[in-house]
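Engineer: My structure file protein36.pdb, PDB, C-alpha atoms, pLDDT in the B column, is below:
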```
ATOM      1  CA  MET A 202       0.000   0.000   0.000  1.00 69.00           C
ATOM      2  CA  VAL A 203       1.240   3.438  -0.926  1.00 84.00           C
ATOM      3  CA  ARG A 204       0.337   6.238   1.488  1.00 90.00           C
ATOM      4  CA  ILE A 205      -1.524   9.091  -0.186  1.00 90.00           C
ATOM      5  CA  LEU A 206      -2.499  11.085   2.900  1.00 93.00           C
ATOM      6  CA  SER A 207       0.047  12.558   5.269  1.00 93.00           C
ATOM      7  CA  ASP A 208      -0.239  12.130   9.033  1.00 95.00           C
ATOM      8  CA  LEU A 209      -1.457  15.737   9.254  1.00 95.00           C
ATOM      9  CA  GLN A 210      -4.151  15.126   6.615  1.00 94.00           C
ATOM     10  CA  LEU A 211      -5.323  12.033   8.498  1.00 94.00           C
ATOM     11  CA  GLN A 212      -5.465  14.007  11.764  1.00 95.00           C
ATOM     12  CA  ARG A 213      -7.499  16.741  10.047  1.00 94.00           C
ATOM     13  CA  TYR A 214      -9.814  14.060   8.632  1.00 93.00           C
ATOM     14  CA  GLN A 215     -10.465  12.670  12.110  1.00 93.00           C
ATOM     15  CA  ILE A 216     -11.175  16.157  13.502  1.00 95.00           C
ATOM     16  CA  ASP A 217     -12.961  17.811  10.592  1.00 96.00           C
ATOM     17  CA  GLY A 218     -14.480  14.801   8.813  1.00 93.00           C
ATOM     18  CA  TYR A 219     -12.969  15.607   5.434  1.00 94.00           C
ATOM     19  CA  CYS A 220      -9.639  15.909   3.692  1.00 91.00           C
ATOM     20  CA  HIS A 221      -8.961  17.954   0.591  1.00 87.00           C
ATOM     21  CA  PRO A 222      -7.700  18.655  -1.955  1.00 83.00           C
ATOM     22  CA  PHE A 223      -5.466  16.040  -3.411  1.00 82.00           C
ATOM     23  CA  ASP A 224      -5.217  14.711  -6.911  1.00 87.00           C
ATOM     24  CA  VAL A 225      -5.998  11.080  -7.612  1.00 90.00           C
ATOM     25  CA  LEU A 226      -6.407  11.535 -11.362  1.00 93.00           C
ATOM     26  CA  THR A 227      -4.233  13.250 -13.903  1.00 94.00           C
ATOM     27  CA  ALA A 228      -5.822  15.969 -16.053  1.00 93.00           C
ATOM     28  CA  GLU A 229      -5.844  13.478 -18.925  1.00 96.00           C
ATOM     29  CA  GLU A 230      -7.598  10.809 -16.835  1.00 96.00           C
ATOM     30  CA  SER A 231     -10.215  13.307 -15.633  1.00 95.00           C
ATOM     31  CA  ALA A 232     -10.881  14.409 -19.212  1.00 97.00           C
ATOM     32  CA  ASN A 233     -11.164  10.769 -20.283  1.00 97.00           C
ATOM     33  CA  TYR A 234     -13.735   9.950 -17.569  1.00 96.00           C
ATOM     34  CA  LEU A 235     -15.693  13.115 -18.355  1.00 96.00           C
ATOM     35  CA  ASN A 236     -15.697  12.151 -22.037  1.00 97.00           C
ATOM     36  CA  LYS A 237     -17.072   8.707 -21.190  1.00 97.00           C
ATOM     37  CA  LEU A 238     -19.873  10.250 -19.119  1.00 95.00           C
ATOM     38  CA  GLU A 239     -20.710  12.814 -21.811  1.00 95.00           C
ATOM     39  CA  THR A 240     -20.624  10.128 -24.507  1.00 96.00           C
ATOM     40  CA  TYR A 241     -23.231   8.161 -22.551  1.00 95.00           C
ATOM     41  CA  GLU A 242     -25.333  11.304 -22.047  1.00 94.00           C
ATOM     42  CA  ARG A 243     -25.247  12.168 -25.753  1.00 95.00           C
ATOM     43  CA  ALA A 244     -26.236   8.607 -26.673  1.00 95.00           C
ATOM     44  CA  SER A 245     -29.075   8.535 -24.125  1.00 93.00           C
ATOM     45  CA  GLY A 246     -30.372  11.992 -25.007  1.00 91.00           C
ATOM     46  CA  GLY A 247     -29.638  13.853 -21.798  1.00 88.00           C
ATOM     47  CA  VAL A 248     -27.997  14.127 -18.413  1.00 87.00           C
ATOM     48  CA  ILE A 249     -27.524  10.863 -16.541  1.00 88.00           C
ATOM     49  CA  ASP A 250     -30.460  10.527 -14.179  1.00 81.00           C
ATOM     50  CA  SER A 251     -32.891   8.233 -12.451  1.00 75.00           C
ATOM     51  CA  ILE A 252     -31.666   4.717 -11.759  1.00 80.00           C
ATOM     52  CA  TYR A 253     -28.493   5.263 -13.779  1.00 88.00           C
ATOM     53  CA  ARG A 254     -27.296   7.975 -11.389  1.00 86.00           C
ATOM     54  CA  HIS A 255     -27.211   5.593  -8.395  1.00 86.00           C
ATOM     55  CA  LYS A 256     -24.584   2.831  -8.176  1.00 92.00           C
ATOM     56  CA  PRO A 257     -23.475   3.425 -11.773  1.00 95.00           C
ATOM     57  CA  HIS A 258     -20.228   1.541 -11.108  1.00 95.00           C
ATOM     58  CA  LEU A 259     -22.381  -1.591 -11.485  1.00 94.00           C
ATOM     59  CA  LEU A 260     -23.478  -0.502 -14.961  1.00 93.00           C
ATOM     60  CA  PHE A 261     -20.463   1.179 -16.528  1.00 95.00           C
ATOM     61  CA  PRO A 262     -17.164  -0.737 -16.722  1.00 97.00           C
ATOM     62  CA  TRP A 263     -15.213   2.537 -16.980  1.00 97.00           C
ATOM     63  CA  LEU A 264     -16.682   3.698 -13.663  1.00 96.00           C
ATOM     64  CA  HIS A 265     -15.896   0.352 -12.087  1.00 96.00           C
ATOM     65  CA  ASP A 266     -12.320   0.986 -13.227  1.00 96.00           C
ATOM     66  CA  LEU A 267     -12.380   4.416 -11.556  1.00 97.00           C
ATOM     67  CA  ILE A 268     -13.459   3.113  -8.151  1.00 95.00           C
ATOM     68  CA  ASN A 269     -10.658   0.555  -8.428  1.00 95.00           C
ATOM     69  CA  HIS A 270      -8.077   3.161  -9.461  1.00 96.00           C
ATOM     70  CA  THR A 271      -4.932   2.666  -7.377  1.00 94.00           C
ATOM     71  CA  MET A 272      -4.820   6.290  -6.186  1.00 93.00           C
ATOM     72  CA  VAL A 273      -8.485   6.230  -5.121  1.00 94.00           C
ATOM     73  CA  LEU A 274      -8.125   2.928  -3.276  1.00 94.00           C
ATOM     74  CA  ASP A 275      -4.881   3.982  -1.594  1.00 94.00           C
ATOM     75  CA  ALA A 276      -6.432   7.244  -0.330  1.00 93.00           C
ATOM     76  CA  VAL A 277      -9.514   5.448   1.019  1.00 94.00           C
ATOM     77  CA  GLU A 278      -7.328   2.772   2.584  1.00 95.00           C
ATOM     78  CA  ASP A 279      -5.389   5.500   4.409  1.00 94.00           C
ATOM     79  CA  VAL A 280      -8.669   6.421   6.119  1.00 93.00           C
ATOM     80  CA  LEU A 281     -10.467   3.090   6.551  1.00 93.00           C
ATOM     81  CA  GLY A 282      -7.718   0.508   6.404  1.00 93.00           C
ATOM     82  CA  PRO A 283      -7.705  -2.579   4.155  1.00 90.00           C
ATOM     83  CA  ASN A 284     -10.719  -4.681   3.148  1.00 89.00           C
ATOM     84  CA  ILE A 285     -12.579  -1.879   1.400  1.00 91.00           C
ATOM     85  CA  LEU A 286     -16.069  -2.338  -0.004  1.00 91.00           C
ATOM     86  CA  CYS A 287     -17.555   0.137  -2.436  1.00 93.00           C
ATOM     87  CA  TRP A 288     -21.110   0.214  -1.140  1.00 87.00           C
ATOM     88  CA  GLY A 289     -22.319   2.818  -3.585  1.00 90.00           C
ATOM     89  CA  SER A 290     -21.516   5.398  -6.191  1.00 93.00           C
ATOM     90  CA  SER A 291     -23.505   8.362  -7.456  1.00 91.00           C
ATOM     91  CA  PHE A 292     -23.473  11.147  -9.956  1.00 89.00           C
ATOM     92  CA  PHE A 293     -24.530  14.494  -8.546  1.00 85.00           C
ATOM     93  CA  ASN A 294     -23.871  16.430 -11.708  1.00 82.00           C
ATOM     94  CA  LYS A 295     -25.301  19.927 -11.836  1.00 78.00           C
ATOM     95  CA  GLU A 296     -25.513  21.498 -15.257  1.00 78.00           C
ATOM     96  CA  ALA A 297     -24.814  25.209 -15.663  1.00 77.00           C
ATOM     97  CA  ARG A 298     -27.748  27.469 -14.736  1.00 81.00           C
ATOM     98  CA  HIS A 299     -29.872  24.491 -13.679  1.00 84.00           C
ATOM     99  CA  PRO A 300     -31.538  24.701 -10.238  1.00 89.00           C
ATOM    100  CA  ALA A 301     -30.389  21.207  -9.189  1.00 87.00           C
ATOM    101  CA  TYR A 302     -28.795  21.007  -5.746  1.00 88.00           C
ATOM    102  CA  VAL A 303     -27.820  18.606  -2.990  1.00 90.00           C
ATOM    103  CA  SER A 304     -29.261  19.537   0.401  1.00 93.00           C
ATOM    104  CA  TRP A 305     -27.261  19.508   3.626  1.00 95.00           C
ATOM    105  CA  HIS A 306     -27.091  15.896   4.796  1.00 93.00           C
ATOM    106  CA  GLN A 307     -24.817  13.350   6.444  1.00 91.00           C
ATOM    107  CA  ASP A 308     -23.804  10.491   4.180  1.00 87.00           C
ATOM    108  CA  ALA A 309     -24.214   7.701   6.759  1.00 85.00           C
ATOM    109  CA  ASN A 310     -27.733   8.923   7.602  1.00 82.00           C
ATOM    110  CA  TYR A 311     -28.608   9.492   3.956  1.00 78.00           C
ATOM    111  CA  TRP A 312     -27.614   5.901   3.261  1.00 81.00           C
ATOM    112  CA  GLY A 313     -29.526   4.600   6.297  1.00 81.00           C
ATOM    113  CA  LEU A 314     -26.424   3.239   8.030  1.00 82.00           C
ATOM    114  CA  ASP A 315     -26.236   2.711  11.786  1.00 80.00           C
ATOM    115  CA  ARG A 316     -22.535   3.466  12.051  1.00 77.00           C
ATOM    116  CA  PRO A 317     -20.590   6.289  10.399  1.00 74.00           C
ATOM    117  CA  ASP A 318     -17.541   4.142   9.618  1.00 82.00           C
ATOM    118  CA  VAL A 319     -17.673   5.098   5.958  1.00 88.00           C
ATOM    119  CA  CYS A 320     -15.686   7.302   3.659  1.00 90.00           C
ATOM    120  CA  THR A 321     -16.871   9.212   0.610  1.00 91.00           C
ATOM    121  CA  ALA A 322     -14.325   9.638  -2.167  1.00 93.00           C
ATOM    122  CA  TRP A 323     -15.734  12.695  -3.933  1.00 92.00           C
ATOM    123  CA  ILE A 324     -14.097  12.926  -7.362  1.00 93.00           C
ATOM    124  CA  ALA A 325     -14.619  15.865  -9.695  1.00 90.00           C
ATOM    125  CA  PHE A 326     -14.116  15.422 -13.430  1.00 91.00           C
ATOM    126  CA  THR A 327     -14.033  19.213 -13.934  1.00 88.00           C
ATOM    127  CA  ALA A 328     -12.847  22.181 -11.890  1.00 85.00           C
ATOM    128  CA  SER A 329     -14.813  22.549  -8.671  1.00 84.00           C
ATOM    129  CA  ASN A 330     -15.190  25.923  -6.990  1.00 82.00           C
ATOM    130  CA  THR A 331     -17.796  28.083  -5.273  1.00 79.00           C
ATOM    131  CA  SER A 332     -18.944  29.675  -8.527  1.00 76.00           C
ATOM    132  CA  ASN A 333     -19.917  26.325 -10.070  1.00 76.00           C
ATOM    133  CA  GLY A 334     -21.391  24.575  -7.057  1.00 76.00           C
ATOM    134  CA  CYS A 335     -18.581  22.658  -5.382  1.00 84.00           C
ATOM    135  CA  MET A 336     -19.165  20.281  -2.510  1.00 87.00           C
ATOM    136  CA  ARG A 337     -19.215  21.957   0.899  1.00 92.00           C
ATOM    137  CA  VAL A 338     -18.903  20.525   4.398  1.00 94.00           C
ATOM    138  CA  ILE A 339     -19.310  21.745   7.965  1.00 95.00           C
ATOM    139  CA  PRO A 340     -16.089  20.786   9.802  1.00 96.00           C
ATOM    140  CA  GLY A 341     -16.701  18.419  12.702  1.00 94.00           C
ATOM    141  CA  SER A 342     -20.323  17.695  11.781  1.00 92.00           C
ATOM    142  CA  HIS A 343     -19.483  14.007  11.416  1.00 90.00           C
ATOM    143  CA  THR A 344     -19.169  13.642  15.190  1.00 89.00           C
ATOM    144  CA  VAL A 345     -22.916  13.812  15.890  1.00 89.00           C
ATOM    145  CA  LYS A 346     -25.739  11.975  14.133  1.00 89.00           C
ATOM    146  CA  LEU A 347     -28.412  14.471  13.109  1.00 91.00           C
ATOM    147  CA  LYS A 348     -32.075  13.825  12.361  1.00 91.00           C
ATOM    148  CA  HIS A 349     -32.994  14.020   8.668  1.00 93.00           C
ATOM    149  CA  THR A 350     -36.314  14.738   6.996  1.00 93.00           C
ATOM    150  CA  ASP A 351     -37.435  13.567   3.571  1.00 94.00           C
ATOM    151  CA  THR A 352     -38.577  16.711   1.731  1.00 95.00           C
ATOM    152  CA  TYR A 353     -39.012  15.365  -1.821  1.00 95.00           C
ATOM    153  CA  ARG A 354     -38.229  18.903  -3.010  1.00 94.00           C
ATOM    154  CA  GLU A 355     -38.030  19.450  -6.739  1.00 93.00           C
ATOM    155  CA  HIS A 356     -34.458  19.772  -8.043  1.00 91.00           C
ATOM    156  CA  ASN A 357     -32.929  18.123  -4.938  1.00 91.00           C
ATOM    157  CA  LEU A 358     -30.589  15.448  -6.292  1.00 88.00           C
ATOM    158  CA  LEU A 359     -30.868  13.262  -3.188  1.00 89.00           C
ATOM    159  CA  SER A 360     -33.258  10.342  -3.681  1.00 86.00           C
ATOM    160  CA  ARG A 361     -35.909  11.578  -1.244  1.00 90.00           C
ATOM    161  CA  GLY A 362     -34.697  15.139  -0.799  1.00 92.00           C
ATOM    162  CA  GLN A 363     -33.229  14.243   2.586  1.00 92.00           C
ATOM    163  CA  GLU A 364     -31.910  17.133   4.618  1.00 93.00           C
ATOM    164  CA  ILE A 365     -30.781  17.646   8.170  1.00 94.00           C
ATOM    165  CA  ASP A 366     -33.240  19.106  10.695  1.00 93.00           C
ATOM    166  CA  VAL A 367     -30.927  21.808  12.046  1.00 92.00           C
ATOM    167  CA  GLU A 368     -30.162  25.315  10.907  1.00 93.00           C
ATOM    168  CA  VAL A 369     -26.883  25.300   8.982  1.00 93.00           C
ATOM    169  CA  VAL A 370     -24.622  28.278   9.565  1.00 94.00           C
ATOM    170  CA  GLU A 371     -23.419  28.762   5.991  1.00 91.00           C
ATOM    171  CA  SER A 372     -20.445  30.852   7.108  1.00 95.00           C
ATOM    172  CA  LYS A 373     -19.000  27.729   8.780  1.00 95.00           C
ATOM    173  CA  ALA A 374     -19.015  25.775   5.542  1.00 94.00           C
ATOM    174  CA  VAL A 375     -15.737  24.846   3.877  1.00 93.00           C
TER     175      VAL A 375
END
```
With the file now loaded, output its structure as structure tokens.

Structural biologist:
Amino acid sequence: MVRILSDLQLQRYQIDGYCHPFDVLTAEESANYLNKLETYERASGGVIDSIYRHKPHLLFPWLHDLINHTMVLDAVEDVLGPNILCWGSSFFNKEARHPAYVSWHQDANYWGLDRPDVCTAWIAFTASNTSNGCMRVIPGSHTVKLKHTDTYREHNLLSRGQEIDVEVVESKAV
């Protein structure tokens, strides 16, 4: 096993619940994966959605290859240790000027898990920043399990529009 995360990054992960940024794909690899996704979308007539957006690594060999990419596995192994299981994969793609969003949630709760001993490897195929809707987290929020409500709100990319039942202080988001 090759270590991807430094001791400091692992400490920050334990405290904050996230670790970023680090590259697991080259620019060429990212462009290749994006091309594969866009090729599928062109062939199917639109943005990947519905059942194809959830656990797509079971449907697309190229995505199965991505979740088994050495750099991805090594980074996840740094956090969880060996014997990794990919329980799920998702596309939360948000097209420009589209109102789609992902509400504030906790992954373990969203997935209906009893224990939060999971790790999300969030991989962007394109640049990710505040102007185009990057992923945001509240540092330390992984230390307490929060109640979630199913809202079924239009444009929420989560399956039932799940969101936490507490007021989120946006200024604390990273």

Engineer: Evaluated on this file, the PyMOL selection byres ((chain A and resi 363-368) around 10) picks out some residues - which ones are they, written as a list of chain:residue names?

Structural biologist: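 Against this file, the PyMOL selection byres ((chain A and resi 363-368) around 10) returns the residues A:Val303, A:Ser304, A:Trp305, A:His306, A:Gln307, A:Asn310, A:Tyr311, A:Lys346, A:Leu347, A:Lys348, A:His349, A:Thr350, A:Asp351, A:Thr352, A:Tyr353, A:Arg354, A:Asn357, A:Leu358, A:Leu359, A:Ser360, A:Arg361, A:Gly362, A:Val369, A:Val370, A:Glu371.
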
Engineer: Kindly provide, as a list in words, the polymer residues lying within 6 Å of (-19.4, 7.6, -16.5), counting only C-alpha atoms and using the coordinates exactly as they appear in the file.

Structural biologist: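 The distance filter leaves exactly Lys237, Leu238 and Leu264 of chain A.
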
Engineer: Could you state the separation of atom CA of Phe292 of chain A and atom CA of Ile324 of chain A in Å, given to one decimal place?

Structural biologist: 9.9 Å

Engineer: Which one of A:Glu242, A:Asp224, A:Glu230, A:Asp318 sits closest to Leu281 of chain A if you count all atoms listed in the file?

Structural biologist: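 For Leu281 of chain A, the nearest of the given residues is A:Asp318.
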
Engineer: Excluding same-chain residues fewer than 4 positions from segment 225-229 of chain A, what lies within 10 Å of it counting all atoms listed in the file, as a PyMOL selection string?

Structural biologist: chain A and resi 205+233-235+267+270-276+324-327

Engineer: Check what the PyMOL selection byres ((chain A and resi 256-258) around 12) selects in the file above and give those residues as number ranges by chain.

Structural biologist: A: 238, 241, 249-255, 259-269, 287-293

Engineer: Pick out the closest residue to Asn294 of chain A from this set: A:His356, A:His343, A:Arg243, A:Arg316. Count only C-alpha atoms.

Structural biologist: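 Among A:His356, A:His343, A:Arg243, A:Arg316, it is A:His356 that comes nearest to Asn294 of chain A.
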
Engineer: Which one of A:Pro300, A:Leu286, A:Thr331, A:Lys295 sits closest to Val319 of chain A if you count all atoms listed in the file?

Structural biologist: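 Of all the options, A:Leu286 lies closest to Val319 of chain A.
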
Engineer: Go through A:Asn236, A:Glu355, A:Pro340, A:Ser332 and flag the residue nearest His221 of chain A, using all atoms listed in the file for the distances.

Structural biologist: A:Pro340

Engineer: Could you please determine the separation between atom CA of His299 of chain A and atom CA of Ser342 of chain A in Å, to one decimal place?

Structural biologist: 28.0 Å

Engineer: When you draw a straight line from atom CA of Ile216 of chain A to atom CA of Val280 of chain A, how long is it in Å?

Structural biologist: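 Between atom CA of Ile216 of chain A and atom CA of Val280 of chain A the gap works out to 12.5 Å.
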
Engineer: Any idea what's packed within 12 Å of Arg298 of chain A, counting only C-alpha atoms, ignoring anything in its chain fewer than 4 positions away? Could you give it as a PyMOL selection string?

Structural biologist: chain A and resi 302+332-334

Engineer: From the set A:Ser207, A:Arg213, A:Asn284, A:Val277, which residue has the shortest atom-to-atom contact distance to Thr321 of chain A, counting all atoms listed in the file?

Structural biologist: A:Val277

Engineer: Considering only C-alpha atoms, can you say which of A:Leu206, A:Ala232, A:Val248, A:Leu211 comes closest to Ala297 of chain A?

Structural biologist: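 Nearest candidate to Ala297 of chain A out of A:Leu206, A:Ala232, A:Val248, A:Leu211: A:Val248.
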
Engineer: Near Asp217 of chain A, within 12 Å and counting all atoms listed in the file, which residues show up once chain neighbours fewer than 2 positions away are dropped, as number ranges by chain?

Structural biologist: A: 209-215, 219-221, 338-345, 373-375
